[in-house]
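See below for the structure under consideration.
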Amino acid sequence: ADPVRVGLVVKSLGNGFFEAARDGAMEAAKEIGNAEVIYTGPTSTTAEGQIESINSLMAQRVDAIAVSANDPDALAPILKRAMDRGIKVISWDSGVADDARIVHLNPSSNPLIGAMCIKLAADVAGDAGGEMAILSATPTSTNQNIWIDEMKKVLPDYSQLKLVDTVYGDDLADKSYRETVALLKKYPDLKVIVAPTSVGIVAAAQAVEDQGKVGDVFVTGLGLPSELAGHVDAGSVKSFAIWNPIDLGYSAMMIAYQLTQNDEHMSIKAGRMGAISFDKDGNGAMSDPFVYDASNVHKFADIF
Amino acid sequence: MTKDIKDLPDNLNGDWRNKLMRWETLLMVFVAIAFFTNTQISPYFLDPWSLSDATFNFTEKAIIALPMALLIIARDIDLSVASTIALASVAMGFANTMGAGPIELALIGMAVGTVAGFINGWIITRFDIPAIVVTIGTMSLYRGIAYIVLGDDVYRSYPSDFAFFGQGYVWGVLSFEFLLFLCLAVVFGILLHKTTFGRRVYAIGNNPTAALFSGINVKRHRLFLFTLVGLFAGIAAVLLTSRIGSTRPSIAMGWELEVITMVVLGGVNILGGAGSIVGVFIAVFLMGLVTFGMGLMNVPGIVMSIFTGCLLILVIGTPIIWRRFLNARKMRSNSGE
Amino acid sequence: MKNTSLLGKMISHREWLLGAIIVLMLMGVGYIAPFFVTPGNLAEAFDDTSILIMLACAQMLVILTRCIDLSVASNIALTGMCVALFNVAYPDTPALVTLILSIGIGIVLGAFNGILVWLVGIPSIVVTLGTMSVYRGFVFLISGGEWVNAHEMTPQFLALPRATFLDLTVLSWIAIAVTLALFVFTRFTKTGLSIFAVGGNPKAAVYSGINVGKYQFITFCISGAVAGMCGYLWVSRYAVAYVEVAVAFELQVVAACVIGGISIAGGIGTIWGAALGAIFLGLIKNALPVIGISPFWQLAISGLVIVLAVIINSRSEKCGGRRILREAHQ
Amino acid sequence: MNRPVLELRNISKTFPGVKALDSVELQLYPGQVTALIGENGAGKSTLVKVLTGIYAPDGGEILIDDAPVTMQAATDAKRHGISAIHQEAVMFDELTVTENIFINNQNRNIFGLLDWKLMRKRAKTLLEYLDVNVDPNIPLRELSVAHKHLVSFAAALSVSSSIVIMDEPTASLSHHEIQELYRLVRRLRDEGKAILFISHKFDEIFEICDRYTVFRDGQFVGSGGIADVTQDDLVAMMVGRTVSQIYPKEQTTIGDTVMSVKGLSHPSEFADIDFDLRKGEILGFYGLVGAGRSEVMQALFGLTPTSSGSMELNGKPFKPRTPGDAVDQGLVYVPEDRQHQGAILTLPIFQNITLPQLGGLSRSGFIDMAREYDVAREYATRLQLKASSLSENVENLSGGNQQKVVIGKWLATNPNVIIVDEPTKGIDIGSKAAVHKFMGELVAQGLSVIMVSSELPEVMGMADRVIVMHEGRIAARFERDDMTAEAIVTAATGA
Ligand SMILES: Nc1ncnc2c1ncn2[C@@H]1O[C@H](COP(=O)(O)OP(=O)(O)OP(=O)(O)O)[C@@H](O)[C@H]1O
Ligand SMILES: Nc1ncnc2c1ncn2[C@@H]1O[C@H](COP(=O)(O)OP(=O)(O)OP(=O)(O)O)[C@@H](O)[C@H]1O
Ligand SMILES: [Mg+2]
Ligand SMILES: [Mg+2]
């Protein structure tokens, strides 16, 4: 029989996080045997670019599409059209509108991510606490915005932390860097920068080091061990969190494959990850974020 | 060599038509190559629905390319079209929250585009500043306004009827967007090549001063062209917004260069004065075919851009070298006679 | 007949105006956020603008010859990726060698543009629109789309632009040196003069024995060399190399030239104008976040400023000129 | 006679469709001024460009001091001691006078950098030598057309050369400056330089030239000593026929006032311009170059806004805001700079001719191509245009034929008033006569013509009345009967 072909559409090519997810998906495909991953996406994080990728996947009549969306709304029409053509569509990592996919796989539960970021910030700030700022990706990033909301929800529980500003680095290294420098200038007493984006956290750490603020200002948030190992050593980052992108890609691939085999989508068996259950809106979550620090970051730096 | 005019053959513009034919033949050859290659590399290529889907990737840009061709022939350029799309789309999104219906939305999108184009044209003609300079500024300005209005927000839930413009089909696999493009291409072909307006556009592009001294209201024509480009950016905004069903300030980022690439690939002289709509029309398909074919092979967009970049240089460079070769040969045979 | 001083010629009133606006802006920002105008902070803002200054000055030369180089940002990305990968492969290479390597790669990329403009005769905007895509595509190809991150780069690779000397970073000093070198080049060399001639009146240049294409080629090489060097400096300063480095930066570079009064029609402009235009843009970029203007306003403000600057420029260009009725005015 | 310092043998040059030079020959002798004469398009300027390395000849030999040389670029010519003043002022508006003079011949200091101080000093000396009073530090754009030309002389003289070529050097100079130029030419001649002097004006040729060479249609016709020929001989050689009358002014009946201008003023260019124009008359505007005549005409044509004054055309108030307004009311303007303002060089002849009246040749915006072509052919025939096809681009025509296209395009609109600005500037005698004859026919048909000219014989030969301008104001008016050359020149120089 022809192999089951699954298009894995990511936010942007070249991002270490998604490369790791691809490896996971490949692993799943190998495990399934009769399946094939088509890894694709734009180079910059735009919805229009993803639409073009999805268009060519549709033209190749893939069996399923698993997408991490740059924009939940803009992708909805094309994904609906894909579903009309009999293609199974799921979203993972960063979701799309409910009716434009069958299920959505959250990397972790959003409230948990928000709470985790704030907890990490509180840990580095110590009991004395201090000022905190958020460095996000683009102002339109779906999951970043959700996590920031979640952070703000739990913030009242940490009275020692004071959120002074939220800035946007657009997932561009130089812009994130410049925004960080501006933050450091504007808030001389700043204690923590939370960057829930793997691009932003690297740039922020670099900026803190270049400004000679290591020890005064700490960067935390979501990032990849391979990219942050150096900064953990340098001391600008004490700890950060991330879920395992390999597992995420693996699960997304498994789920997509299962959906091409049968229509069951309340609880889907995802190979070594076990069964993942989805609520009535089709939302499911994979696992809790995992915290990395000097003790374990080098071990994982070689993996993703 | 030169003769009295009485003795001249009565050939209407035979000479330049020949030249024109040669240019478009070259493009057609490229199209044929692309088409053939595509049929070879992918069994999915010749599927009507796939082809129809593929047109969505370029139709809106192609629609802007039509008036842009006229503008470039008239020695101007507009780099702010993509930002104009963002501005018009934001206006539509805002109007939608106020409860505007599909037709009103479309009208508002086109109106905002027209105004943006008019402002470009007004600044350029009023203060006599090169267009490239002004539109680099308004490119930031218009998109900046979109960011001010929308920030990290998004406009969505457009009325379901509104989806027709960008997603609807008129007949079988023929989408509304694409049909609109075909009709507009015909209109622009006639406008540029058969009307007084088109002739004046060429005159302005070849020598604006002499055009002015010939009684052509150069400023008004330029202003009109900028407004026209704005209007079409507005139309593209309607189609795109309808197609993706949402508005963010980053919509259509980077399109200006893609539109200009299409126009230049179509043989329009970037320095003004020469070009045809047929050329632009073929170039649109050439780019569409090349990117679609590579999409079928899952070539990343960035790698496709290597090909479009090379294609651009190749298609512009080949005739130049070819002409030089022909001239050299003609010279040789002339001096040998 | 009074001799106009050399200084008067070097710095026209347009540059004075721009300089005054910059000072006014600094005062305004300083009023709202006093720390912004401390020497240390200004040095940092300058450091942040250095790359833009160098690119604007080099771009100016290209624009002087009636060309435009839209491929500079892609050149930065490609050269930056090349040297980053080189650094990963040969970690022991001294930074200076890397710097020279980056200039070399940049020249090759610039020369390719220049050759197409000179020998094939394709308009520069078409050539560089093409190579802009091609060069950036190559970044993807040589890197496989992967990033080169800080921890993969060696300390000496990262140290060069950051090292400080007399309270300014080496990056800033390089920018100052490049600007001064280009100034001497434009004013006191035959090549520099010829570049003005080529853009001012290409036909007259041919009649004077100046090969137009050759000088366009030279400016593309210079632009490429500077872009290549900036590629290394950029990658090293931000400690990361990836496909989208400096994306769309070419428009900022051109905008800086435009604000600096470089005529897009060729032949008119000074290095000071280009540098001030770049400083102006850099100041906006650095000051807006500091005075607490929402990030969403930044883009619109810089756009508005560009439009206003070119309008003011065009006005100041129009005054003066020839008057027949001189007696009637006395 | 001594040996020629420069000799050309069998030089040919072909452009696509035109054989500009067909095995021509030329000799230049040291200490002699050689006139190169020929109709427009005879190939004179092409020869200059071949001689200065701008065009490579297709065949033939260039010998300097009996040694064959090749010219690849303008720098080679410099090396061989040839310097040239080209027909078009090929200078750099944005560069200073000094920079223009030393554009390819700089002085350097000990660091190898350009020594501007020294060059400024040398520029000053050169300009003084030429008796030009301009500041060497100001940009060229601030100079008048005439001064620009003089700077180009300075540039040519800044290099020491044994051969000096001047392609229509007097075309934009005033009477006084022409005299200065003669002095200069004689001085160079006395220094032993060989000079090639191209001109359409016979008085000049007879005044300062020692020898002549005549070209016709790219071919060598003859050469010899000036003393041995008469003007008629030269004309006959040039055109291959005799031109009987150069200024065929027919006596026409002059009718009522068609146009009247009162107190027309501009903030900086001209003031208090008053005149009437009558049906069937040619009104001449004389003045030195830079007197502001073109500016006045451009104001009449709606190109330049005025600050005060009023105009009437055909009894109705006339206030054109754009050239289109003026054309609609029957006033048209043939500008002096036909390459930039008059014709669109890169469009075909027929499109140039029909451009101002496209509206009339179209039905609801669609151009009627057949009618368009007929109109173009009609006017091309009437003006005896010489071209290989009506679809040929205007850039491929010679100067005189380009001018015919520009005049033709305006006549095709059936105007009442036609303004011609320097209608015969740089046009050969044959085309000149054709243009003059044509103007005579126009007024005979009842048109009114305003003719701006810097050529005194032309003004005196053609105009029914003459208005003389000086520095933006009307300095004097003359009726046909009381015109004298002295009076007109005196008024023009403001004396
Ligand atoms: N670059 C060119 N391309 C094509 N044809 C040309 C070119 N330059 C000149 N010609 C043609 O060559 C012929 C000779 O032109 P040239 O300019 O030498 O004449 P000329 O004797 O200087 O005339 P004038 O008195 O009007 O200056 C003309 O027919 C002209 O149209
Ligand atoms: N220095 C200058 N800078 C810019 N344009 C100039 C300059 N000198 C002359 N012109 C332009 O050249 C043309 C001729 O102007 P000029 O001052 O010679 O007027 P004129 O008296 O009509 O002379 P002409 O005898 O040439 O008709 C006009 O269009 C004028 O605008
Ligand atoms: Mg000539
Ligand atoms: Mg004049």
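Following the order of the structure tokens, chains are lettered A, B, ..., residues in each are numbered from 1, and ligands are numbered from 1.
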Could you make a table, as a tab-separated table, of the residues of chain C that have an atom within 8 Å of an atom of chain B, each with its nearest atom pair and distance in Å to one decimal, counting only C-alpha atoms, in chain and number order?
```
residue	atom	partner	partner_atom	distance
C:Val120	CA	B:Gly317	CA	6.6
C:Gly121	CA	B:Ile320	CA	7.3
C:Ile122	CA	B:Gly317	CA	6.1
C:Pro123	CA	B:Ile270	CA	7.4
C:Ile125	CA	B:Ile270	CA	7.7
C:Val126	CA	B:Ile313	CA	7.0
C:Val127	CA	B:Ile313	CA	6.0
C:Leu129	CA	B:Gly309	CA	7.2
C:Gly130	CA	B:Gly309	CA	3.9
C:Thr131	CA	B:Gly309	CA	6.0
C:Met132	CA	B:Gly309	CA	7.5
C:Ser133	CA	B:Ser305	CA	5.3
C:Val134	CA	B:Ile306	CA	4.1
C:Tyr135	CA	B:Ile306	CA	7.4
C:Arg136	CA	B:Ile302	CA	7.4
C:Gly137	CA	B:Val303	CA	5.1
C:Phe138	CA	B:Ile306	CA	7.4
C:Phe140	CA	B:Ile302	CA	7.1
C:Leu141	CA	B:Val303	CA	7.5
C:Leu251	CA	B:Ile136	CA	7.2
C:Ala255	CA	B:Ile136	CA	6.9
C:Val258	CA	B:Val133	CA	6.6
C:Ile264	CA	B:Pro130	CA	7.2
C:Phe296	CA	B:Ile148	CA	5.2
C:Trp297	CA	B:Ile148	CA	5.6
C:Gln298	CA	B:Gly144	CA	7.1
C:Leu299	CA	B:Gly144	CA	4.5
C:Ala300	CA	B:Gly144	CA	3.7
C:Ile301	CA	B:Leu141	CA	6.9
C:Ser302	CA	B:Ser140	CA	6.9
C:Gly303	CA	B:Leu141	CA	4.2
C:Leu304	CA	B:Leu141	CA	5.6
C:Val305	CA	B:Gly137	CA	7.7
C:Ile306	CA	B:Gly137	CA	5.1
C:Val307	CA	B:Gly137	CA	5.1
C:Val310	CA	B:Val134	CA	7.3
C:Ile311	CA	B:Phe127	CA	6.6
C:Ser314	CA	B:Ile129	CA	6.6
C:Arg315	CA	B:Phe127	CA	7.5
```
So which residues are near ligand 1, meaning at most 7 Å away with only C-alpha atoms and all ligand atoms counted, given back as an NGL selection string? :D and (15-16 or 18-20 or 38-47 or 218 or 396-400 or 426-428)
Include N, CA and C atoms and write out the residues we just selected as a PDB file, in the first residue's frame.
```pdb
ATOM      1  N   PHE D  15      25.701  53.354 -37.707  1.00  0.00           N
ATOM      2  CA  PHE D  15      24.742  53.099 -36.628  1.00  0.00           C
ATOM      3  C   PHE D  15      23.652  52.229 -37.219  1.00  0.00           C
ATOM      4  N   PRO D  16      22.924  51.537 -36.350  1.00  0.00           N
ATOM      5  CA  PRO D  16      21.845  50.711 -36.899  1.00  0.00           C
ATOM      6  C   PRO D  16      20.993  51.558 -37.845  1.00  0.00           C
ATOM      7  N   VAL D  18      21.862  53.700 -40.149  1.00  0.00           N
ATOM      8  CA  VAL D  18      22.421  54.945 -40.683  1.00  0.00           C
ATOM      9  C   VAL D  18      23.918  54.774 -40.922  1.00  0.00           C
ATOM     10  N   LYS D  19      24.350  55.152 -42.085  1.00  0.00           N
ATOM     11  CA  LYS D  19      25.795  55.183 -42.322  1.00  0.00           C
ATOM     12  C   LYS D  19      26.243  56.622 -42.057  1.00  0.00           C
ATOM     13  N   ALA D  20      26.670  56.888 -40.846  1.00  0.00           N
ATOM     14  CA  ALA D  20      26.953  58.265 -40.449  1.00  0.00           C
ATOM     15  C   ALA D  20      28.225  58.780 -41.088  1.00  0.00           C
ATOM     16  N   GLY D  38      28.872  71.098 -42.995  1.00  0.00           N
ATOM     17  CA  GLY D  38      27.963  70.099 -43.528  1.00  0.00           C
ATOM     18  C   GLY D  38      26.586  70.298 -42.950  1.00  0.00           C
ATOM     19  N   GLU D  39      25.591  69.773 -43.653  1.00  0.00           N
ATOM     20  CA  GLU D  39      24.227  69.904 -43.175  1.00  0.00           C
ATOM     21  C   GLU D  39      24.050  69.135 -41.871  1.00  0.00           C
ATOM     22  N   ASN D  40      22.920  69.330 -41.245  1.00  0.00           N
ATOM     23  CA  ASN D  40      22.605  68.509 -40.075  1.00  0.00           C
ATOM     24  C   ASN D  40      22.630  67.056 -40.494  1.00  0.00           C
ATOM     25  N   GLY D  41      23.247  66.257 -39.660  1.00  0.00           N
ATOM     26  CA  GLY D  41      23.282  64.836 -39.971  1.00  0.00           C
ATOM     27  C   GLY D  41      24.360  64.472 -40.955  1.00  0.00           C
ATOM     28  N   ALA D  42      25.211  65.408 -41.307  1.00  0.00           N
ATOM     29  CA  ALA D  42      26.271  65.106 -42.267  1.00  0.00           C
ATOM     30  C   ALA D  42      27.342  64.219 -41.643  1.00  0.00           C
ATOM     31  N   GLY D  43      27.371  64.180 -40.329  1.00  0.00           N
ATOM     32  CA  GLY D  43      28.336  63.306 -39.668  1.00  0.00           C
ATOM     33  C   GLY D  43      29.448  64.044 -38.956  1.00  0.00           C
ATOM     34  N   LYS D  44      29.302  65.330 -38.793  1.00  0.00           N
ATOM     35  CA  LYS D  44      30.365  66.129 -38.181  1.00  0.00           C
ATOM     36  C   LYS D  44      30.611  65.711 -36.734  1.00  0.00           C
ATOM     37  N   SER D  45      29.534  65.686 -35.965  1.00  0.00           N
ATOM     38  CA  SER D  45      29.713  65.344 -34.548  1.00  0.00           C
ATOM     39  C   SER D  45      30.164  63.897 -34.407  1.00  0.00           C
ATOM     40  N   THR D  46      29.694  63.041 -35.285  1.00  0.00           N
ATOM     41  CA  THR D  46      30.125  61.653 -35.237  1.00  0.00           C
ATOM     42  C   THR D  46      31.632  61.573 -35.438  1.00  0.00           C
ATOM     43  N   LEU D  47      32.116  62.382 -36.343  1.00  0.00           N
ATOM     44  CA  LEU D  47      33.561  62.399 -36.589  1.00  0.00           C
ATOM     45  C   LEU D  47      34.305  62.843 -35.326  1.00  0.00           C
ATOM     46  N   GLY D 218      27.434  62.043 -44.714  1.00  0.00           N
ATOM     47  CA  GLY D 218      28.449  61.110 -44.262  1.00  0.00           C
ATOM     48  C   GLY D 218      29.588  60.900 -45.228  1.00  0.00           C
ATOM     49  N   ASN D 396      17.023  58.641 -33.680  1.00  0.00           N
ATOM     50  CA  ASN D 396      17.880  58.275 -34.804  1.00  0.00           C
ATOM     51  C   ASN D 396      17.928  59.332 -35.897  1.00  0.00           C
ATOM     52  N   LEU D 397      17.206  60.440 -35.698  1.00  0.00           N
ATOM     53  CA  LEU D 397      17.210  61.483 -36.720  1.00  0.00           C
ATOM     54  C   LEU D 397      18.302  62.500 -36.438  1.00  0.00           C
ATOM     55  N   SER D 398      18.648  63.250 -37.463  1.00  0.00           N
ATOM     56  CA  SER D 398      19.607  64.335 -37.249  1.00  0.00           C
ATOM     57  C   SER D 398      18.876  65.513 -36.617  1.00  0.00           C
ATOM     58  N   GLY D 399      19.656  66.456 -36.112  1.00  0.00           N
ATOM     59  CA  GLY D 399      19.077  67.588 -35.393  1.00  0.00           C
ATOM     60  C   GLY D 399      17.991  68.309 -36.164  1.00  0.00           C
ATOM     61  N   GLY D 400      18.247  68.596 -37.424  1.00  0.00           N
ATOM     62  CA  GLY D 400      17.268  69.331 -38.207  1.00  0.00           C
ATOM     63  C   GLY D 400      15.967  68.559 -38.365  1.00  0.00           C
ATOM     64  N   GLY D 426      21.416  75.346 -34.127  1.00  0.00           N
ATOM     65  CA  GLY D 426      22.137  74.131 -34.469  1.00  0.00           C
ATOM     66  C   GLY D 426      21.564  73.388 -35.661  1.00  0.00           C
ATOM     67  N   ILE D 427      20.892  74.105 -36.546  1.00  0.00           N
ATOM     68  CA  ILE D 427      20.320  73.450 -37.721  1.00  0.00           C
ATOM     69  C   ILE D 427      21.095  73.916 -38.943  1.00  0.00           C
ATOM     70  N   ASP D 428      21.287  73.030 -39.886  1.00  0.00           N
ATOM     71  CA  ASP D 428      22.070  73.406 -41.048  1.00  0.00           C
ATOM     72  C   ASP D 428      21.282  74.347 -41.953  1.00  0.00           C
TER      73      ASP D 428
END
```
Would you list which chain B residues are within 7 Å of chain A using only C-alpha atoms, as a ChimeraX atom specification? /B:44,50,53-54,57,151-153,156,243-246,292,295-296,298,300-302
Exercise: Asp302 in chain A partners within 10 Å, only C-alpha atoms, chain neighbours under 5 positions left out, as a PyMOL selection string: chain A and resi 225-226+229+297
With N, CA and C atoms retained, write the just-selected residues as a CSV table (one decimal), in the first residue's frame.
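Contents of out.csv, freshly written:
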```
chain,number,residue,atom,x,y,z
A,225,PRO,N,17.8,23.7,25.4
A,225,PRO,CA,19.1,23.5,26.1
A,225,PRO,C,20.3,23.7,25.2
A,226,SER,N,20.2,23.3,23.9
A,226,SER,CA,21.4,23.4,23.1
A,226,SER,C,21.7,24.9,22.9
A,229,ALA,N,22.8,26.5,26.7
A,229,ALA,CA,23.9,25.9,27.5
A,229,ALA,C,25.0,27.0,27.8
A,297,VAL,N,21.6,20.9,32.0
A,297,VAL,CA,21.5,21.5,30.7
A,297,VAL,C,22.4,20.9,29.7
```
Check which residues fall inside 9 Å of ligand 4 when counting only C-alpha atoms and all ligand atoms, and print them as a list in words. Val289, Gly290, Ala291, Gly292, Arg293, Ser294, Glu295, Met297, Pro335, Glu336, Asp337, Asp421, Glu422, Val452, Ser453 and Ser454 of chain D
Please, could you write that set of residues out with all heavy atoms as a compact mmCIF listing (two decimals), in the first residue's frame?
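And here is the file that came out, part.txt:
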```txt
# COMPACT_ATOMS: atom_id res chain seq x y z
N VAL D 289 21.62 85.41 -24.75
CA VAL D 289 21.25 84.20 -24.04
C VAL D 289 21.18 84.51 -22.55
O VAL D 289 22.05 85.17 -22.01
CB VAL D 289 22.31 83.10 -24.31
CG1 VAL D 289 22.05 81.90 -23.44
CG2 VAL D 289 22.29 82.72 -25.77
N GLY D 290 20.09 84.08 -21.92
CA GLY D 290 19.94 84.36 -20.51
C GLY D 290 19.13 85.61 -20.23
O GLY D 290 18.97 86.02 -19.09
N ALA D 291 18.57 86.23 -21.29
CA ALA D 291 17.81 87.44 -21.09
C ALA D 291 16.42 87.16 -20.52
O ALA D 291 15.72 88.07 -20.09
CB ALA D 291 17.68 88.21 -22.39
N GLY D 292 16.03 85.91 -20.51
CA GLY D 292 14.74 85.56 -19.93
C GLY D 292 13.64 85.39 -20.95
O GLY D 292 12.47 85.29 -20.58
N ARG D 293 13.99 85.33 -22.23
CA ARG D 293 12.94 85.19 -23.24
C ARG D 293 12.22 83.85 -23.11
O ARG D 293 11.00 83.78 -23.18
CB ARG D 293 13.56 85.32 -24.63
CG ARG D 293 14.11 86.69 -24.92
CD ARG D 293 15.08 86.63 -26.06
NE ARG D 293 16.21 85.78 -25.73
CZ ARG D 293 17.05 85.28 -26.60
NH1 ARG D 293 16.91 85.52 -27.88
NH2 ARG D 293 18.04 84.52 -26.21
N SER D 294 13.01 82.80 -22.93
CA SER D 294 12.38 81.48 -22.82
C SER D 294 11.42 81.45 -21.64
O SER D 294 10.35 80.83 -21.72
CB SER D 294 13.44 80.40 -22.64
OG SER D 294 14.26 80.36 -23.76
N GLU D 295 11.80 82.09 -20.56
CA GLU D 295 10.94 82.07 -19.38
C GLU D 295 9.61 82.76 -19.68
O GLU D 295 8.56 82.30 -19.26
CB GLU D 295 11.63 82.76 -18.20
CG GLU D 295 12.62 81.88 -17.46
CD GLU D 295 13.88 81.60 -18.24
OE1 GLU D 295 14.14 82.31 -19.24
OE2 GLU D 295 14.60 80.65 -17.89
N MET D 297 8.16 83.01 -22.57
CA MET D 297 7.39 82.15 -23.47
C MET D 297 6.79 80.98 -22.71
O MET D 297 5.66 80.56 -22.96
CB MET D 297 8.30 81.63 -24.60
CG MET D 297 8.88 82.71 -25.46
SD MET D 297 7.61 83.85 -26.03
CE MET D 297 8.50 85.39 -26.05
N PRO D 335 9.81 74.37 -28.03
CA PRO D 335 10.87 74.76 -27.10
C PRO D 335 12.25 74.75 -27.75
O PRO D 335 12.43 74.20 -28.83
CB PRO D 335 10.79 73.72 -26.00
CG PRO D 335 10.15 72.55 -26.62
CD PRO D 335 9.28 73.05 -27.72
N GLU D 336 13.20 75.39 -27.07
CA GLU D 336 14.53 75.50 -27.67
C GLU D 336 15.33 74.21 -27.52
O GLU D 336 16.17 73.91 -28.34
CB GLU D 336 15.30 76.68 -27.07
CG GLU D 336 15.64 76.51 -25.60
CD GLU D 336 16.34 77.74 -25.04
OE1 GLU D 336 17.17 78.30 -25.75
OE2 GLU D 336 16.01 78.14 -23.91
N ASP D 337 15.07 73.47 -26.44
CA ASP D 337 15.84 72.26 -26.20
C ASP D 337 15.06 71.07 -26.74
O ASP D 337 14.28 70.46 -26.03
CB ASP D 337 16.09 72.12 -24.70
CG ASP D 337 16.91 70.90 -24.37
OD1 ASP D 337 17.13 70.07 -25.28
OD2 ASP D 337 17.34 70.77 -23.21
N ASP D 421 10.96 78.85 -30.19
CA ASP D 421 12.09 79.31 -29.38
C ASP D 421 13.37 78.80 -30.03
O ASP D 421 13.60 77.58 -30.08
CB ASP D 421 11.95 78.76 -27.96
CG ASP D 421 12.81 79.50 -26.97
OD1 ASP D 421 13.70 80.24 -27.42
OD2 ASP D 421 12.60 79.32 -25.75
N GLU D 422 14.17 79.70 -30.53
CA GLU D 422 15.39 79.33 -31.24
C GLU D 422 15.11 78.23 -32.26
O GLU D 422 15.66 77.12 -32.16
CB GLU D 422 16.46 78.85 -30.24
CG GLU D 422 16.75 79.78 -29.10
CD GLU D 422 17.63 80.97 -29.48
OE1 GLU D 422 17.88 81.13 -30.69
OE2 GLU D 422 18.01 81.73 -28.58
N VAL D 452 11.50 83.49 -30.98
CA VAL D 452 12.61 83.85 -30.11
C VAL D 452 13.88 83.43 -30.82
O VAL D 452 13.99 82.29 -31.28
CB VAL D 452 12.51 83.12 -28.77
CG1 VAL D 452 13.72 83.44 -27.90
CG2 VAL D 452 11.22 83.50 -28.05
N SER D 453 14.80 84.35 -30.95
CA SER D 453 16.03 83.98 -31.65
C SER D 453 17.18 84.81 -31.14
O SER D 453 17.02 85.96 -30.75
CB SER D 453 15.86 84.19 -33.14
OG SER D 453 17.09 83.98 -33.78
N SER D 454 18.37 84.21 -31.13
CA SER D 454 19.57 84.94 -30.77
C SER D 454 20.40 85.27 -31.99
O SER D 454 21.50 85.77 -31.87
CB SER D 454 20.43 84.11 -29.80
OG SER D 454 19.64 83.73 -28.71
```
Using 7 Å as the limit and counting only C-alpha atoms, can you tabulate each residue of range 86-150 of chain B that touches range 207-228 of chain B, with its shortest atom-to-atom distance in Å and the two atoms involved, as JSON lines?
```
{"residue": "B:Thr114", "atom": "CA", "partner": "B:Thr227", "partner_atom": "CA", "distance": 5.3}
{"residue": "B:Gly117", "atom": "CA", "partner": "B:Thr227", "partner_atom": "CA", "distance": 4.3}
{"residue": "B:Phe118", "atom": "CA", "partner": "B:Thr227", "partner_atom": "CA", "distance": 4.5}
{"residue": "B:Asn120", "atom": "CA", "partner": "B:Phe226", "partner_atom": "CA", "distance": 6.7}
{"residue": "B:Gly121", "atom": "CA", "partner": "B:Leu223", "partner_atom": "CA", "distance": 4.6}
{"residue": "B:Trp122", "atom": "CA", "partner": "B:Leu223", "partner_atom": "CA", "distance": 6.3}
{"residue": "B:Thr125", "atom": "CA", "partner": "B:Lys219", "partner_atom": "CA", "distance": 5.8}
```
All residues 12 Å or closer to Thr196 in chain B, only C-alpha atoms, same chain fewer than 4 positions away omitted, as an MDAnalysis selection string: (chainID B and resid 190:192 200:203 216 221) or (chainID D and resid 351 354:369 372)
As a count of residues only, list the residues of range 213-304 of chain C assigned to alpha helix (DSSP H) by DSSP on the backbone atoms of this structure. 67
At what distance in Å, to one decimal, does CA of Gly302 in chain D lie from CA of Phe92 in chain D?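 Separating CA of Phe92 in chain D from CA of Gly302 in chain D is a distance of 29.3 Å.
The space separating CA of Met483 in chain D from CA of Arg465 in chain D comes to 8.4 Å.
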Leaving out Phe301 in chain D and any residue of its chain fewer than 4 positions from it, which residues lie within 9 Å of it when counting only C-alpha atoms, given as a PyMOL selection string? (chain B and resi 213) or (chain D and resi 296-297+320-327+331-333+419)
What's around Val83 in chain C at 7 Å? Count only C-alpha atoms, leave out sequence neighbours fewer than 4 positions away in its own chain, and write the answer as a VMD selection string. chain C and resid 79 87 98 102 232
Residue nearest ligand 3 among D:Lys49, D:Lys121, D:Arg79, D:Lys13 (counting only C-alpha atoms and all ligand atoms): D:Lys49
